[in-house]
Amino acid sequence: MSSAARLNHHDDHAQAPAAHDGPAREDGDGTSLFDRPSARLVVAEVTGDRWTGKTSLLNQLTRTASARGWEVAAGHATVTLSAVPYGIFVDALDGLLARTDPLSGPAHHHLTRLTGIFPALAPAGPGPRPDTPADRYHALRAVHALLESLARERPLLVTLDDAHRADPASLELLAHLIRHPPAGPVVLAVAHRPRQGDGALRSLLAEAALHGVVRRVGVAPLSEEEALSLLPDDLSRVHCETLLAASGGNPGLLRAFAALRAVPDRCGGTAFPLPIEVLTDCLRDFRGLSAAGWLAARSAAVLDEPFDVTAVGRVAQLDDATLRSAVDELLREDLVHGSHPTRGLRFRNSLLRAAAYQSSGSGWLQGAHDRATALPARWDSGSVPLARHLEHSALEGDATGAGILLAAAAERLWDDPAQSATWTRTAMNLDPVTGRAPAARLLLGRALALTGRLGDCLAATDGIGTDTASGPGGSTRPGLAVTAAAHRWRSRVWRALGDDAAALAELEAAARHAREPAARALLHAERLAHALETGTAPDDAGPAAAPALLTALPPARRGRALALLAAAAVRRGETTPARTYADQAAALLDALPDDTAARHLDGLYWLATAEAGLGRAGTAVTQYGRGLRIAEARRLTTLVPRFAMATAALQRDIGDLAGAVRHAACAETNAAAVDSPRLLALALALKDEVVAAAAGAPLTAAVPPPCPDPEPGLGTLSRREQEIAVLVSGGRTNQQIARALDLSHKTVETHLGRIFKKLVVSSRAEVAAIVGRSGHPGRPRAAVPGQRTAPHREKPRHDTPVPVTAE
């Protein structure tokens with residue numbers, strides 16, 4: 001079976017553990033079954049967890065058999081058919097019987113029995129229902145004879161999918177056929193999940209394997225190369241590897257993770273809304289549950305994992321007997337697993353949990369979260385587990401709940417800034433005093449900045465340090481540390497937006513509030529980051545700044561500062577101190593766990609940039625890759641494009657053009673999610689260069705030539721019109737421009753009409769030519785990490801600014 005077929009199929013069943021220890025023969029992908037048909041029945045067993053591709057493999061067997069002249073029939077056990085005697089066989093054979101003439105095959109007394117089983121034979125006359133033991137025995141003999149008759153003309157393949165759901169009569173028939181194999185070339189391909197059902201099918205096939213009747217057909221997991229070739233080409237290589245590892249090679253899981261572009265947090269049911277097709281596929285696995293079982297599943301999804309049965313019962317409001325029966329259903333259906341219910345259970349995978357949660361009504365969820373908050377152990381479990389419930393159940397005026405939400409938001413800021421922003425806003429809405437608190441506004445601003453909402457960050461933090469209003473409970477005037485931090489963050493945001501003057505003004509404001517040694521050291525580091533990003537060289541960006549930076553900072557921040565010093569030394573061409581600083585920074589930053597490194601990702605960025613400038617390309621790629629992996633895993637949206645661009649530029653220069661193309665596409669996709677037209681323009685320019693390099697086309701000049709005066713017509717455009725003109729010059733469509741600038745398609749068309757009129761042009765190509773001649777900063781060549789910029793009559797500017805990363 002092709003890897004594409006396995007990935008595209010998503011309605012069947014993680015790894016495929018061996019079901020038995022008997023001498024059953026492995027049969028590869030099953031195609032050898034049709035080379036030399038056996039004279040008697042052969043059972044091909046296909047096992048695996050949900051979504052591993054068993055149905056796709058059965059379909060492949062069907063196509064192969066049909067191409068070789070076999071008669072084929074396919075049955076699928078469903079919840080509906082579980083109440084129909086011999087249901088899976090009826091589903092498989094009824095259509096075949098409707099288009100053939102079975103009356104000439106089996107003996108008359110067998111036909112009488114078959115008419116009571118198969119609707120297609122009902123016109124031949126009524127037959128007895130197989131209700132008594134004697135009737136069931138005759139029915140087994142009759143189906144046995146029917147299979148022999150059908151295989152008489154040509155070999156017969158019958159596929160039985162999801163056989164773990166088969167009704168008892170179907171299992172009884174399968175056992176009879178195994179003990180009394182029909183004469184003739186008949187293959188029964190039985191696909192099932194070995195952990196589901198009551199064990200009857202597993203025992204039956206295990207016994208058959210001992211007698212050599214069963215051949216196992218394997219469903220191989222996807223290889224890394226197969227998976228990479230099937231995943232979207234704008235996912236970074238490290239992100240692809242993360243998704244592949246999380247899927248365990250399961251094509252259905254991998255497909256869903258690719259659609260989400262992430263692996264859902266097992267405790268974040270709302271963080272990753274499932275696309276409708278993924279949600280539909282997941283919900284199929286809940287169809288066999290009773291009402292109590294479905295209620296227990298939804299209640300478990302409200303709780304953190306691992307969850308215990310007692311907590312599920314209280315959220316679901318089920319009595320003990322009903323609860324135990326419902327949990328047994330979840331275990332039997334392999335929806336949850338665990339060594340023992342009293343020691344905690346987990347959903348089999350994060351998609352099932354998300355599906356159960358997201359298909360619950362909002363009213364029920366509010367009550368469920370309220371009941372979960374009231375559980376005895378909840379208030380001792382920490383702020384984050386409580387916040388997941390208070391987000392939905394806390395009432396206006398709940399100051400205690402608001403405080404818990406803020407504490408949880410601060411804790412999750414670098415793990416999931418979007419969730420952090422949601423909790424902060426909820427806390428602000430619950431308690432007016434909290435809503436005006438500068439610390440809360442700063443927390444919200446930081447979360448918004450990390451998620452790519454740069455303008456919203458500026459709005460949230462505007463006025464911190466200058467407002468003097470007081471509210472109930474005390475003044476909202478912030479302390480020096482909060483004010484200084486707000487100015488530092490606003491400076492980073494302004495730089496990301498391309499407004500260097502505003503960024504520098506924020507740093508000057510921060511200097512008025514930086515009085516403690518640690519605060520002054522942080523400001524020194526911020527000035528150095530500003531200098532590196534903008535190409536300027538203030539006095540405190542040189543070696544004289546090193547003592548102040550290094551003596552007052554803890555190890556993680558010291559590592560960041562050393563990385564900045566290393567990059568600055570490379571920029572000045574001072575190789576020896578650059579190596580010293582880089583080695584010292586690497587010793588500190590490499591030792592940080594990812595949870596801590598996430599707070600200092602610009603340290604990794606500048607360390608990698610310094611390593612590249614020192615000729616250590618392999619080390620630089622590793623450092624960029626680590627930063628990219630951390631940023632993507634934690635949905636630090638603003639940071640992803642920077643690392644992706646730097647990786648693409650470096651890969652292009654060392655000859656890894658396939659990697660460069662992938663990471664340039666990754667940079668473009670993620671830059672479009674950040675409200676920075678300048679960032680998107682840089683990503684688009686880099687992508688153009690990388691694609692041209694991969695195609696063998698000559699690259700553009702490293703740095704646009706100086707242009708003392710802008711193109712006269714371009715100066716007549718408004719700022720918004722200039723942004724649109726730059727994106728037009730990058731080959732973007734109106735729809736892409738609308739998404740990048742958060743405008744309507746009609747608004748882009750209106751602006752473009754004005755641009756044509758002001759520039760006196762009639763085509764997009766003419767607009768691009770004017771932008772190109774202007775040397776507009778929106779389309780520079782993306783900087784090569786470590787490469788020094790060419791001379792310019794004004795202060796040079798680094799083309800890929802540092803991300804908004806420092807704590």
# chains A, B, ... in the order shown; residues from 1 in each chain; ligands from 1
call {"tool": "select_by_dssp", "arguments": {"residues": "segment 486-660 of chain A", "states": "alpha helix (DSSP H)", "output": "PyMOL selection string"}}
result
chain A and resi 486-497+500-511+517-534+546-551+555-572+575-589+594-597+601-613+617-633+640-654+657-660
call {"tool": "residues_around", "arguments": {"residues": "segment 324-333 of chain A", "least_positions_apart": "2", "cutoff": "6 Å", "atoms": "only C-alpha atoms", "output": "list in words"}}
result
Gln196, Gly197, Ala292, Gly293, Ala321, Thr322, Leu335 and Val336 of chain A
call {"tool": "write_last_selection", "arguments": {"atoms": "all heavy atoms", "output": "JSON list (two decimals), in the first residue's frame"}}
result
[["chain", "number", "residue", "atom", "x", "y", "z"],
["A", 196, "GLN", "N", -9.46, -3.76, 21.71],
["A", 196, "GLN", "CA", -10.89, -3.49, 21.87],
["A", 196, "GLN", "C", -11.70, -4.78, 21.83],
["A", 196, "GLN", "O", -11.22, -5.84, 21.44],
["A", 196, "GLN", "CB", -11.37, -2.52, 20.78],
["A", 196, "GLN", "CG", -10.90, -1.11, 21.04],
["A", 196, "GLN", "CD", -11.49, -0.11, 20.07],
["A", 196, "GLN", "OE1", -10.78, 0.66, 19.45],
["A", 196, "GLN", "NE2", -12.81, -0.09, 19.95],
["A", 197, "GLY", "N", -12.95, -4.66, 22.22],
["A", 197, "GLY", "CA", -13.82, -5.83, 22.27],
["A", 197, "GLY", "C", -13.64, -6.58, 23.57],
["A", 197, "GLY", "O", -12.90, -6.19, 24.47],
["A", 292, "ALA", "N", -24.65, 7.02, 29.21],
["A", 292, "ALA", "CA", -23.80, 7.20, 30.38],
["A", 292, "ALA", "C", -22.32, 7.19, 30.00],
["A", 292, "ALA", "O", -21.51, 7.95, 30.55],
["A", 292, "ALA", "CB", -24.09, 6.13, 31.42],
["A", 293, "GLY", "N", -21.95, 6.31, 29.07],
["A", 293, "GLY", "CA", -20.57, 6.25, 28.62],
["A", 293, "GLY", "C", -20.13, 7.54, 27.95],
["A", 293, "GLY", "O", -19.02, 8.04, 28.17],
["A", 321, "ALA", "N", -22.71, 2.83, 40.53],
["A", 321, "ALA", "CA", -22.86, 1.66, 39.64],
["A", 321, "ALA", "C", -22.85, 2.09, 38.18],
["A", 321, "ALA", "O", -22.18, 1.47, 37.33],
["A", 321, "ALA", "CB", -24.16, 0.93, 39.98],
["A", 322, "THR", "N", -23.59, 3.14, 37.86],
["A", 322, "THR", "CA", -23.63, 3.63, 36.47],
["A", 322, "THR", "C", -22.26, 4.13, 36.05],
["A", 322, "THR", "O", -21.82, 3.91, 34.91],
["A", 322, "THR", "CB", -24.67, 4.74, 36.33],
["A", 322, "THR", "OG1", -25.93, 4.27, 36.81],
["A", 322, "THR", "CG2", -24.81, 5.16, 34.88],
["A", 335, "LEU", "N", -10.84, 3.93, 24.49],
["A", 335, "LEU", "CA", -10.84, 5.39, 24.45],
["A", 335, "LEU", "C", -9.98, 5.97, 25.56],
["A", 335, "LEU", "O", -9.42, 7.05, 25.41],
["A", 335, "LEU", "CB", -12.28, 5.91, 24.58],
["A", 335, "LEU", "CG", -13.20, 5.57, 23.41],
["A", 335, "LEU", "CD1", -14.65, 5.81, 23.79],
["A", 335, "LEU", "CD2", -12.82, 6.38, 22.19],
["A", 336, "VAL", "N", -9.87, 5.26, 26.67],
["A", 336, "VAL", "CA", -9.00, 5.65, 27.78],
["A", 336, "VAL", "C", -8.15, 4.46, 28.15],
["A", 336, "VAL", "O", -8.45, 3.31, 27.79],
["A", 336, "VAL", "CB", -9.80, 6.15, 29.00],
["A", 336, "VAL", "CG1", -10.69, 7.32, 28.63],
["A", 336, "VAL", "CG2", -10.63, 5.03, 29.61]]
call {"tool": "atom_distance", "arguments": {"atom1": "atom CA of Thr575 of chain A", "atom2": "atom CA of Ala610 of chain A"}}
result
9.9 Å
call {"tool": "atom_distance", "arguments": {"atom1": "atom CA of Leu58 of chain A", "atom2": "atom CA of Val43 of chain A"}}
result
12.8 Å
call {"tool": "residues_around", "arguments": {"residues": "Arg616 of chain A", "least_positions_apart": "5", "cutoff": "12 Å", "atoms": "only C-alpha atoms", "output": "VMD selection string"}}
result
chain A and resid 579 582 to 583 607 to 611 621 to 623 650 654 785 to 786
call {"tool": "residues_around", "arguments": {"residues": "Val767 of chain A", "least_positions_apart": "3", "cutoff": "8 Å", "atoms": "only C-alpha atoms", "output": "count of residues only"}}
result
10
call {"tool": "select_by_dssp", "arguments": {"residues": "segment 442-575 of chain A", "states": "strand (DSSP E)", "output": "MDAnalysis selection string"}}
result
chainID A and resid 470:471 474:475
call {"tool": "residues_around", "arguments": {"residues": "Leu413 of chain A", "least_positions_apart": "5", "cutoff": "9 Å", "atoms": "only C-alpha atoms", "output": "list in words"}}
result
Ala408, Ala418, Gln419, Ser420, Ala421, Leu443, Arg446, Ala447 and Leu450 of chain A
call {"tool": "residues_around", "arguments": {"residues": "Gly288 of chain A", "least_positions_apart": "2", "cutoff": "7 Å", "atoms": "only C-alpha atoms", "output": "number ranges by chain"}}
result
A: 79, 286, 290
call {"tool": "write_last_selection", "arguments": {"atoms": "N, CA and C atoms", "output": "short mmCIF file (atom, residue, chain, number, x, y, z; two decimals), in the first residue's frame"}}
result
data_model
loop_
_atom_site.label_atom_id
_atom_site.label_comp_id
_atom_site.auth_asym_id
_atom_site.auth_seq_id
_atom_site.Cartn_x
_atom_site.Cartn_y
_atom_site.Cartn_z
N VAL A 79 -22.00 0.07 14.65
CA VAL A 79 -22.84 0.03 15.84
C VAL A 79 -24.23 -0.48 15.48
N PHE A 286 -16.80 7.21 19.35
CA PHE A 286 -17.68 7.32 20.52
C PHE A 286 -19.09 6.81 20.23
N SER A 290 -22.93 4.01 25.37
CA SER A 290 -24.25 4.32 25.90
C SER A 290 -24.29 5.79 26.27
#
call {"tool": "atom_distance", "arguments": {"atom1": "atom CA of Ser362 of chain A", "atom2": "atom CA of Gln317 of chain A"}}
result
17.2 Å
call {"tool": "closest_atom_pairs", "arguments": {"of": "segment 485-515 of chain A", "to": "segment 681-688 of chain A", "cutoff": "12 Å", "atoms": "only C-alpha atoms", "output": "JSON lines"}}
result
{"residue": "A:Ala496", "atom": "CA", "partner": "A:Leu682", "partner_atom": "CA", "distance": 11.4}
{"residue": "A:Leu497", "atom": "CA", "partner": "A:Ala681", "partner_atom": "CA", "distance": 11.4}
{"residue": "A:Gly498", "atom": "CA", "partner": "A:Leu682", "partner_atom": "CA", "distance": 11.3}
call {"tool": "closest_residue", "arguments": {"among": "A:Arg99, A:Arg571, A:Arg520, A:Lys758", "to": "Thr551 of chain A", "atoms": "only C-alpha atoms"}}
result
A:Arg520
call {"tool": "residues_around", "arguments": {"residues": "segment 295-306 of chain A", "least_positions_apart": "4", "cutoff": "10 Å", "atoms": "only C-alpha atoms", "output": "VMD selection string"}}
result
chain A and resid 266 to 269 286 289 to 291 311 to 318 322 to 327 329 to 330 335 to 338 341 343 to 347 350 352 to 360 364 to 365 368 to 369 372 to 373 385 to 386 388 to 389
call {"tool": "write_last_selection", "arguments": {"atoms": "N, CA and C atoms", "output": "compact mmCIF listing (two decimals), in the first residue's frame"}}
result
# COMPACT_ATOMS: atom_id res chain seq x y z
N ARG A 266 -2.50 17.85 25.97
CA ARG A 266 -3.43 16.89 26.59
C ARG A 266 -4.31 17.54 27.65
N CYS A 267 -3.93 18.70 28.13
CA CYS A 267 -4.76 19.38 29.13
C CYS A 267 -5.32 20.68 28.58
N GLY A 268 -5.37 20.82 27.26
CA GLY A 268 -5.87 22.05 26.66
C GLY A 268 -6.93 21.79 25.63
N GLY A 269 -8.10 21.36 26.06
CA GLY A 269 -9.14 20.96 25.13
C GLY A 269 -9.61 22.05 24.21
N PHE A 286 -16.80 7.21 19.35
CA PHE A 286 -17.68 7.32 20.52
C PHE A 286 -19.09 6.81 20.23
N LEU A 289 -20.92 4.06 22.40
CA LEU A 289 -21.11 4.25 23.83
C LEU A 289 -22.59 4.43 24.16
N SER A 290 -22.93 4.01 25.37
CA SER A 290 -24.25 4.32 25.90
C SER A 290 -24.29 5.79 26.27
N ALA A 291 -25.48 6.28 26.64
CA ALA A 291 -25.61 7.68 27.07
C ALA A 291 -24.71 7.96 28.28
N ALA A 311 -13.64 11.61 40.42
CA ALA A 311 -13.81 12.98 39.89
C ALA A 311 -14.73 12.97 38.68
N VAL A 312 -14.59 11.97 37.81
CA VAL A 312 -15.47 11.87 36.64
C VAL A 312 -16.92 11.74 37.09
N GLY A 313 -17.15 10.91 38.11
CA GLY A 313 -18.51 10.71 38.60
C GLY A 313 -19.13 11.98 39.13
N ARG A 314 -18.34 12.80 39.81
CA ARG A 314 -18.90 14.04 40.37
C ARG A 314 -19.20 15.05 39.28
N VAL A 315 -18.34 15.13 38.29
CA VAL A 315 -18.61 16.06 37.19
C VAL A 315 -19.80 15.59 36.37
N ALA A 316 -19.88 14.26 36.14
CA ALA A 316 -20.97 13.71 35.34
C ALA A 316 -22.26 13.56 36.12
N GLN A 317 -22.18 13.60 37.44
CA GLN A 317 -23.33 13.41 38.33
C GLN A 317 -23.97 12.04 38.11
N LEU A 318 -23.12 11.01 38.08
CA LEU A 318 -23.57 9.63 37.92
C LEU A 318 -23.43 8.89 39.24
N THR A 322 -23.59 3.14 37.86
CA THR A 322 -23.63 3.63 36.47
C THR A 322 -22.26 4.13 36.05
N LEU A 323 -21.57 4.81 36.96
CA LEU A 323 -20.24 5.33 36.66
C LEU A 323 -19.28 4.20 36.33
N ARG A 324 -19.26 3.15 37.16
CA ARG A 324 -18.32 2.04 36.92
C ARG A 324 -18.61 1.37 35.59
N SER A 325 -19.88 1.21 35.27
CA SER A 325 -20.24 0.61 33.98
C SER A 325 -19.79 1.50 32.83
N ALA A 326 -19.96 2.83 32.99
CA ALA A 326 -19.56 3.76 31.93
C ALA A 326 -18.05 3.74 31.72
N VAL A 327 -17.28 3.71 32.81
CA VAL A 327 -15.83 3.67 32.68
C VAL A 327 -15.38 2.36 32.04
N GLU A 329 -16.99 0.82 29.79
CA GLU A 329 -17.21 1.03 28.35
C GLU A 329 -16.03 1.78 27.73
N LEU A 330 -15.58 2.83 28.39
CA LEU A 330 -14.46 3.62 27.85
C LEU A 330 -13.20 2.78 27.73
N LEU A 335 -10.84 3.93 24.49
CA LEU A 335 -10.84 5.39 24.45
C LEU A 335 -9.98 5.97 25.56
N VAL A 336 -9.87 5.26 26.67
CA VAL A 336 -9.00 5.65 27.78
C VAL A 336 -8.15 4.46 28.15
N HIS A 337 -7.07 4.72 28.86
CA HIS A 337 -6.20 3.64 29.30
C HIS A 337 -5.53 4.05 30.60
N GLY A 338 -5.00 3.08 31.30
CA GLY A 338 -4.30 3.31 32.55
C GLY A 338 -4.11 1.99 33.27
N PRO A 341 -7.92 2.20 37.38
CA PRO A 341 -8.75 3.40 37.47
C PRO A 341 -8.49 4.27 38.68
N ARG A 343 -5.75 4.82 40.09
CA ARG A 343 -4.49 5.53 39.96
C ARG A 343 -4.48 6.49 38.77
N GLY A 344 -5.59 6.70 38.18
CA GLY A 344 -5.70 7.70 37.12
C GLY A 344 -5.75 7.09 35.74
N LEU A 345 -6.58 7.66 34.88
CA LEU A 345 -6.74 7.22 33.50
C LEU A 345 -6.41 8.39 32.57
N ARG A 346 -6.10 8.05 31.33
CA ARG A 346 -5.83 9.04 30.30
C ARG A 346 -6.58 8.65 29.03
N PHE A 347 -6.89 9.65 28.23
CA PHE A 347 -7.42 9.34 26.90
C PHE A 347 -6.31 8.69 26.08
N SER A 350 -4.62 12.66 22.39
CA SER A 350 -5.12 14.00 22.68
C SER A 350 -6.27 14.40 21.76
N LEU A 352 -8.80 12.48 20.79
CA LEU A 352 -10.05 11.95 21.35
C LEU A 352 -10.53 12.84 22.49
N ARG A 353 -9.62 13.28 23.32
CA ARG A 353 -9.99 14.16 24.42
C ARG A 353 -10.56 15.47 23.89
N ALA A 354 -9.87 16.06 22.90
CA ALA A 354 -10.34 17.32 22.33
C ALA A 354 -11.71 17.16 21.69
N ALA A 355 -11.94 16.03 21.01
CA ALA A 355 -13.22 15.80 20.35
C ALA A 355 -14.34 15.69 21.37
N ALA A 356 -14.11 14.96 22.46
CA ALA A 356 -15.13 14.82 23.50
C ALA A 356 -15.45 16.17 24.12
N TYR A 357 -14.42 16.97 24.34
CA TYR A 357 -14.63 18.29 24.96
C TYR A 357 -15.36 19.23 24.01
N GLN A 358 -14.89 19.30 22.78
CA GLN A 358 -15.41 20.30 21.86
C GLN A 358 -16.79 19.97 21.32
N SER A 359 -17.27 18.76 21.52
CA SER A 359 -18.62 18.43 21.08
C SER A 359 -19.62 18.54 22.22
N SER A 360 -19.19 19.10 23.36
CA SER A 360 -20.08 19.34 24.48
C SER A 360 -20.69 20.74 24.36
N TRP A 364 -23.68 23.02 29.25
CA TRP A 364 -23.25 21.86 30.04
C TRP A 364 -21.81 22.06 30.51
N LEU A 365 -20.95 22.60 29.63
CA LEU A 365 -19.55 22.80 30.00
C LEU A 365 -19.42 23.76 31.18
N ALA A 368 -20.22 21.81 34.18
CA ALA A 368 -19.19 20.79 34.43
C ALA A 368 -17.95 21.41 35.03
N HIS A 369 -17.53 22.56 34.50
CA HIS A 369 -16.35 23.23 35.06
C HIS A 369 -16.63 23.72 36.47
N ALA A 372 -16.29 20.79 38.64
CA ALA A 372 -14.88 20.41 38.75
C ALA A 372 -14.14 21.32 39.71
N THR A 373 -14.49 22.61 39.71
CA THR A 373 -13.86 23.55 40.63
C THR A 373 -14.15 23.19 42.08
N PRO A 385 -4.42 24.27 36.79
CA PRO A 385 -5.61 23.41 36.72
C PRO A 385 -6.89 24.13 37.13
N LEU A 386 -6.81 24.98 38.13
CA LEU A 386 -8.00 25.73 38.56
C LEU A 386 -8.43 26.72 37.49
N ARG A 388 -8.27 26.53 34.34
CA ARG A 388 -8.98 25.88 33.23
C ARG A 388 -10.48 25.81 33.52
N HIS A 389 -10.84 25.71 34.78
CA HIS A 389 -12.25 25.66 35.14
C HIS A 389 -12.82 27.05 35.40
call {"tool": "closest_residue", "arguments": {"among": "A:Asp415, A:Asp35, A:Glu224, A:Glu506", "to": "Val493 of chain A", "atoms": "only C-alpha atoms"}}
result
A:Glu506
call {"tool": "closest_residue", "arguments": {"among": "A:Arg558, A:Arg732, A:His663, A:Arg193", "to": "Asp233 of chain A", "atoms": "only C-alpha atoms"}}
result
A:His663
call {"tool": "decode", "arguments": {"residues": "segment 677-691 of chain A", "atoms": "N, CA and C atoms", "output": "compact mmCIF listing (two decimals), in the first residue's frame"}}
result
# COMPACT_ATOMS: atom_id res chain seq x y z
N PRO A 677 3.72 44.28 8.63
CA PRO A 677 3.97 44.24 7.18
C PRO A 677 5.46 44.15 6.86
N ARG A 678 6.28 44.80 7.66
CA ARG A 678 7.72 44.74 7.40
C ARG A 678 8.25 43.32 7.53
N LEU A 679 7.80 42.61 8.55
CA LEU A 679 8.24 41.24 8.73
C LEU A 679 7.80 40.38 7.56
N LEU A 680 6.57 40.55 7.11
CA LEU A 680 6.09 39.78 5.96
C LEU A 680 6.87 40.12 4.70
N ALA A 681 7.18 41.41 4.51
CA ALA A 681 7.96 41.79 3.33
C ALA A 681 9.33 41.13 3.34
N LEU A 682 9.96 41.06 4.50
CA LEU A 682 11.26 40.39 4.60
C LEU A 682 11.14 38.91 4.27
N ALA A 683 10.10 38.28 4.78
CA ALA A 683 9.91 36.86 4.51
C ALA A 683 9.66 36.60 3.04
N LEU A 684 8.86 37.46 2.42
CA LEU A 684 8.58 37.30 0.99
C LEU A 684 9.84 37.50 0.15
N ALA A 685 10.65 38.51 0.51
CA ALA A 685 11.88 38.75 -0.23
C ALA A 685 12.83 37.56 -0.12
N LEU A 686 12.95 37.01 1.08
CA LEU A 686 13.82 35.84 1.26
C LEU A 686 13.31 34.65 0.47
N LYS A 687 12.00 34.44 0.51
CA LYS A 687 11.45 33.31 -0.24
C LYS A 687 11.75 33.43 -1.73
N ASP A 688 11.59 34.64 -2.27
CA ASP A 688 11.90 34.84 -3.69
C ASP A 688 13.34 34.46 -3.99
N GLU A 689 14.26 34.87 -3.13
CA GLU A 689 15.68 34.57 -3.34
C GLU A 689 15.96 33.08 -3.25
N VAL A 690 15.39 32.45 -2.25
CA VAL A 690 15.65 31.02 -2.05
C VAL A 690 15.08 30.20 -3.20
N VAL A 691 13.88 30.54 -3.64
CA VAL A 691 13.28 29.83 -4.77
C VAL A 691 14.12 30.03 -6.02
